[in-house]
Structures are given as C-alpha cells and as structure tokens.
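Comments concern the structure below.
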Amino acid sequence: MSRKNRYVIGLMVANITDPFSYQAASGAIAASEELDTDLIIIPGKYICATSVQNEDTKYEYQYNNLFRYANERDLDAVCVCTGTIAYSNTDEEKKAFLSQIGRNIPVISIASKVDGYEYVVFDNESSVTKAVDHLIRYSKSGRVGMISGYISNTDCAERVEGYKKALEKNGIEVDESLICYANPSRECKPDVEKYLDEHPDVDAIVCSNDDMCLAVYEVCADRGMMIGSDMLIAGFDDMDYCEKLDPPLASVRASAEDLGYKAVKNAYDMLCGREAVSRNVATRFIPRISCGYVGRRKSEIELLVAAGGDDRLQKLIYFMFDGTDMIYDAYIYKNMKIVYSVVTDLESGKELTDEKVAEVVEAVGKMIDYHKEYFLFLKNIHVMADGIYDALCEKDMSEHSKKNFENLYLEIYRLVSRDIGITISKASEVSSELLRRSNIIVRDTLTIDGTGDKAFADILRRLPLLEIDSSYLYLLPESQRYRIGDKMYDHSRWEFMSYQKGSDVFVVPEHDRSIKIDSLFKNRYMPDDRRHTLVMADLFSGEHQFGVLLVELKKQYFEYLEFITYQFGAAVKILSLISELERHMNELHKDNAVLKDISKADELTGLLNRRGFNDESLAAAKKYKDSDMYAVLVFADLDYLKYINDKYGHSEGDFALRASADVLRHIFRSTDIIGRTGGDEYNILAIVSEPGLEEKILERKRSFIEQVNLESGKPYRIDLSMGIYQCRCSELGDLSEAIKQADNRLYEVKKVRKYNPYLEDDR
C-alpha cells in the first residue's frame, strides 16, 4: 500500500486518445478521486496483430513495453482494458496476457470476461437481442444475418448468443450458415463480399462492432445497395462516427466511462476485503436510418424521457457532460435534479408554476457559470432543451403550465445564447495558446543547453505549460534496444534522475538515484499529502528505450501524451549522446582548444551554436556588469523556413539559413556575439555605449535584405523577423530572462507582420 495507507491502482489501456480508452480512463479517474486512491494510467497499443502496418505504426510495439510494469510488485490492484488491448485475441491469449500481472493482487478485466479473473463488461446479450428485434421488424424477408468477430472472443460469443435469442424469440429458426465469423475490424470486407454472394436473400445484418459495419457499408456501396432499405444494418459501440455516416448507423450504445468507474470501485472493494458485485454495465440500442427506422427521427433526449426508469436523471447527466469530470460532480447533480424535476412534474400532471420556472432558469445559469470552458456542454443544453420540449409538449397540461413551459424553453435558449459566443472565442484562444506552448516545449527539449544531472532536470522545466502538476523521470542504467519479437528485459534497478513539482525542478541526490523497479510508483519524492493520477510515457527513440516518464497529466491533455513521448524520448537520447560524446572528448582531448571551439560552432552557418553563444554572452555580461555600457539583446528567426523546405527542398532551406547568417554578420559588428540557437532561430548580444539603436538595426536589416534577395536568384524571399530588447549592462541580471524579453517582442512583431514568401506578389 502507498504512503499514508493510500492504495495505488493501475489502469492499463490501449491508445489513450481513442474514445473507448479516454472514456474508461475518465471513469477510473472519477472513481479514484471519490475513493482517495492513487491511479497510474499505463497506455500501450494493441497486443494483437493490427490490421494496418506502415511507417507511421512501425514502432507502436514499443508502447506495449509499458504493460510489463503493471504487476503485483508495483501496484496494489490493476484494471485492464482487455477488450481493446486484446480485441482480436483468443480467450486463452487474453488469460496469458493477464497472468503476467500476478495472482496476489486484484486484477479486473474491462470489457472482456476472462476465466479466473474479475471483470466488468457490457450487457452484450440483451442489447444485441433488442437490435436484432428491430431488424426483424423492418426486414422485408425476415432473413437477418450476423457478421461477428471470432467465437473465441467472449464478447463476440455473447453477442452471437443475443442474436440467436432474438431469432428464437421471434419464432425464427437459427441458421448457423447466416453467421459469418471474421476479423473484427474494417478488414473483414472480403468476408462480407463472400457472405453476400452466398446469401443474396439476406437483407438485414447485425455486426458485433461498428468497425465491421463500415465494411458492410463499403460492400453495399460497391453493389449499388441502399443502406436502410435494400440492406438494414446495426452495430455495437455507437462510436462517434455513427451519426456522421450516410445514412447514420444504428448501434448499441455503451458507456466505457461506466466500465472504468466500476472497475476501480470493484478493485478498491476487493482490496478492502469486500466482494465485487457490480460486474455488468447496461447498454441501450439507438435506432437510426440504417436499420429502417421510419417516421420523425427522435432525438436521444426524447428517447431518454420516453424510456423512463430510475436511472433517467443519471443518463441525462451522462449526455450533458460526457467526457468531463462533471459527471460525478455533486454541484452539477444538485442543479440537474432541479431541471429534471420539470420532466417528472409534467409527467405526473403537476402544475408548472412561475416559481419553478425561475428555479430551473437559475439552476441552468449556475451550471453555465460553474464550468464555462466546456463548449460541448453549452451545445448540449440546446439539444437537451429541444429534446425535453419535443418529448413533453404534447402532454396534457393547463394553459398556465403550457405558457410557462414555452417561456422556460425560450429563457434557456436566451441564457445559453448569451454565453455561447464568449465560450467559442475563449476556446479558440485556448487552442492557440496550447499550440504556442507546444512549440515552446519542442524548441526547448530539442535545443538542450548543458549536460549532466541538471540537464535531465531542465527538460522537465517546461511541462507546467501543459498544466502538468508533477513529473518523474527514470532512466535505464543504459539504453536497451527492442525490436519486434524481442524479449523485454526486466531491469531490477533504475536511475531516478529528476522530478518536477509545479514550476520547480529538482535533481535527485546521487545517493537516492538508484531505485528498485517496484518503487517507480511508490517513493518518497511523490506527493504524500494528496492523491494523484499519473500517466506513464515510454521514452524511446527508434528501437532504443531510454527510460520512462510519469506525468500528472490532466485528461483534457491526454492527446499530448504521444507528443511528450516523442519529444522527451528524443531529448533524453540527445542528452545521452552528448554525455557520451563529452566523456570521450574529455578523456582524449582535455587540453585541446581546437575541439573546444568546434563544440561551440554551428557547422551549417559558421556562427556560434547555442552553447557557444551562451558561454561568450555570459562572459561579456560579466565583463561589463559594472560599466555604463548598454546591452542590446536580439531574438531573430528566419521567416518561412518550413515553406522553403517543403516547396524547394532542404538544400534550399540550408541556403536560406546561410544567407540569413550572412545578413546578421552584415548588420552587426565583428565584436558582437551572434549565435544560431535553434533550427531557424538566432540570438545576438551587442554591448554599445548608447541606447536607442533598435531602428538603426532594423533599417540596416531592411536595406541589406533587399540586396540579398536581388542577388540570390531564388524564387522565394529571404527575410528575418527580429525582437529587440535593450537595457544597461548593470541591470542585465539573468541573461536568459533578457533573451526571453527579446523572444516576447519577436512574438509581438510576428503577430502583426504581413509576410509574403514569394518574390512577386502575383505568384
């Protein structure tokens, strides 16, 4: 158990950005917050052979390396999204996969029953039965077939059983030849083609998941068959794309968030010595045009209102706030209960009073003010208002109630419309800001300053830009090469290099650095005064694993996990290579000044590199610290390097970089310090006797840049943007802060500057 008797529960998911994994993680986070347990999210990919292999997925097997850290040595309990991680594996293969965790802690399988293990799963049988009932009702021939994943998969087997029960219930004899077993993905298209050739009289098909339905859609399109009339189709999972298909796909809706929530709750109960009793998550069939649904298409809210049931309020809350932490928020529940009371009052014939209308409007306003950043929430208020209005407007009610009901509907619209523009604007600002922060992280992690212990801490310094509250960097004693099919080596000890808490970064003392593998998730440097959720990132480059990074990443930033993995894996590799290079250089050339100068030079432009610029600038700042001289700091970058590279090739990009370096040499004096500190970025430090040189510098740049472009003979324009900061040398202080000021001014210049990469305006 963790410090202060707080349990540490692991959650293994597939690709954390796919809808199922994201929702399962959201539910697990909600449960761990409610139960005050620490949660470690371990994201991999898929242990089965994926259907698509290309350069983009070449190294995806590396992610699955993380799964071996989820075991009884490291965690108190583990919840595993077996249904997605091993979506096409046999039950025996799934069992073998789970067995690596160990048998001495609770292990909960999510979305898949595995013999010998606790589980939480969807109610597969009854939901498929409802879907097939619907297909039978609208089928012209009564011949309803099924395209299923392999029967060795328990979920698929249960869904096949639901199909058979629906046939028996409707007095139709089960014909085994009408069940096609195939790859449970879009890759089943050849099987679908063969199936329809052999069964031309089948005019309705239920598939065991939505991806298989996509293959049926493709085959029908190839044959000129109309979905919803010539062929009826229903799926399972109700993926995001179902409503966007033409026509929209009918499907069984299931909440992965419920699965994640129940899995963590069950794991906690088992740790406390209680039996896990809640294993099934309810599902419901959503009829759409693909299954022959006729008449006015009812909204989801209308269907919810019509369905009734004790859990109707919770389902409304799921609809409103799906994918956010507000699903289990007590304040939201309290106000949604007030809104929901309108439904129950009107259904029972109660009068809708003026006081009730005012109370509901106030409750909606409170929810909007409580979490303005959720644009989806505001959109869903519109949908909910429409759905409840359509479901209840035909109810018998007095004239006064009817008038109040109309007024309530309009008032909610006015309330939301007032805020929706502000929210859209804010969402756009947030998106732009996150892009800017990401660019800063890329720049700083790939242009690393310094080596040694401090350098490993410095690469964590920018993580607060993604609102990461804490992070922990562990390295292997030496990098390990893993190729497809290689055994994953189990290193018993790691090097705990550095950690970050808020805006502060720390180097782990050398005597604490060697750490056992079972202390990755439980050590004295992690928070012990509060619970936390950490997400694991595998740091690798190509076939080499360097270590792992644990980050306290908020779920709205899960999409940045692969970005963090790639950037920090590259940064650690660079640091490792630099450390190795410097070790050899120090051993072989300790007194060789030539090599020292080479290490400070940028090979492409002949300018100083980042290290050389920093060394010489710090020396100059120290030299003139007590003088009356002025320091001019310039942050410049080459405009449209990406455009030049993409359109004309990297050799032209190199030419533009060399030309821009020549421009800087012409603008500044030979005594000024000029360095190329990033891909297309330059820093300059000039020590001068008088202030106010900004316009002079820019004018020299403007006049010379025109000459460069006239003489270059290139079809593109070479130009530089500059941010300039000036101060007395005695006030210079931290050089990095002065460079940041120049960078900020460059950012302001680029915001307003109009730039055409072509030499001629009409190109």
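We label chains A, B, ... in the order they appear in the structure tokens, count residues from 1 in each chain, and number ligands from 1 in the order shown.
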(request) Pick out the residues sitting within 9 Å of range 142-145 of chain A, and hand them over as a list in words; count only C-alpha atoms, and ignore anything fewer than 6 positions along from it in its own chain. (result) Val132, Leu135, Ile136, Tyr163, Leu167, Ile172, Asp175, Ser177, Leu178, Ile179, Cys180, His199, Asp201, Val202, Asp203, Ala204, Ile205, Val206, Cys207 and Leu232 of chain A
(message) From a backbone DSSP assignment, name each residue in range 104-349 of chain A labelled helix (DSSP H, G or I), as a ChimeraX atom specification.
(response) /A:124-138,154-169,176-178,186-198,210-222,242-244,256-271,289-291,300-307,312-321,325-328,330-347
(request) as a PyMOL selection string, please: all residues of range 644-690 of chain A that backbone DSSP puts in strand (DSSP E). (result) chain A and resi 673-676+681-688
(request) Name all residues at most 12 Å from Leu561 in chain A (count only C-alpha atoms; drop same-chain ones fewer than 2 positions away) and give them as an MDAnalysis selection string. (result) chainID A and resid 15:17 41:44 63 438 463 466 468 534:539 549:559 563:569
Counting only C-alpha atoms, which residues in range 650-714 of chain A sit no more than 10 Å from range 732-744 of chain A? For each one, give the nearest pair of atoms and the distance in Å, sorted by chain then residue number, as CSV.
```
residue,atom,partner,partner_atom,distance
A:Asn683,CA,A:Ile739,CA,7.7
A:Ile684,CA,A:Ile739,CA,9.2
A:Leu685,CA,A:Ile739,CA,9.3
```
(request) Compare A:Cys79, A:Ala14, A:Ala96, A:Leu618 by their minimum atom-to-atom distance to Asn64 in chain A, counting only C-alpha atoms, and give me the closest one. (result)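 Ranking A:Cys79, A:Ala14, A:Ala96, A:Leu618 by distance to Asn64 in chain A, first place goes to A:Ala14.
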(message) Between CA of Glu495 in chain A and CA of His511 in chain A, what is the distance in Å, rounded to a tenth?
(response) 10.6 Å
(request) Compile the contact shell of Tyr217 in chain A as number ranges by chain: residues with an atom at most 12 Å away, counting only C-alpha atoms, same-chain residues fewer than 2 positions apart removed. (result) A: 186, 188-189, 192-193, 205, 207, 210-215, 219-228, 230-235, 242, 245-249, 290
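Counting only C-alpha atoms, the residue from A:Lys94, A:Lys169, A:Arg658, A:Lys140 that sits nearest to Asn153 in chain A is A:Lys94.
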(request) Write out as a list of chain:residue names which residues come within 12 Å of Lys750 in chain A when counting only C-alpha atoms, dropping same-chain ones fewer than 2 positions away. (result)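 Those residues are A:Phe635, A:Ala636, A:Asp637, A:Leu638, A:Asp639, A:Tyr640, A:Leu720, A:Ser721, A:Met722, A:Gly723, A:Asp743, A:Asn744, A:Arg745, A:Leu746, A:Tyr747, A:Glu748, A:Val752, A:Arg753, A:Lys754, A:Tyr755.
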Within 7 Å of Glu690 in chain A, counting only C-alpha atoms, which residues show up once you throw out same-chain ones fewer than 2 positions away? Write them as a PDB file with N, CA and C atoms, in the first residue's frame, please.
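Output file result-v8.pdb is given in full below:
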```
ATOM      1  N   TYR A 630      25.555  49.736 -22.533  1.00  0.00           N
ATOM      2  CA  TYR A 630      24.214  49.191 -22.721  1.00  0.00           C
ATOM      3  C   TYR A 630      24.313  47.832 -23.422  1.00  0.00           C
ATOM      4  N   VAL A 688      26.979  48.273 -26.354  1.00  0.00           N
ATOM      5  CA  VAL A 688      27.105  49.578 -27.015  1.00  0.00           C
ATOM      6  C   VAL A 688      27.170  50.684 -25.969  1.00  0.00           C
ATOM      7  N   GLY A 692      18.862  53.120 -27.690  1.00  0.00           N
ATOM      8  CA  GLY A 692      18.008  53.556 -28.788  1.00  0.00           C
ATOM      9  C   GLY A 692      18.477  53.166 -30.168  1.00  0.00           C
TER      10      GLY A 692
END
```
(message) Under the rule that only C-alpha atoms are counted, which of A:Gly10, A:Gly162, A:Pro477, A:Gly349 is the nearest residue to Asp133 in chain A?
(response)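 Of the candidates, the smallest distance to Asp133 in chain A is held by A:Gly162.
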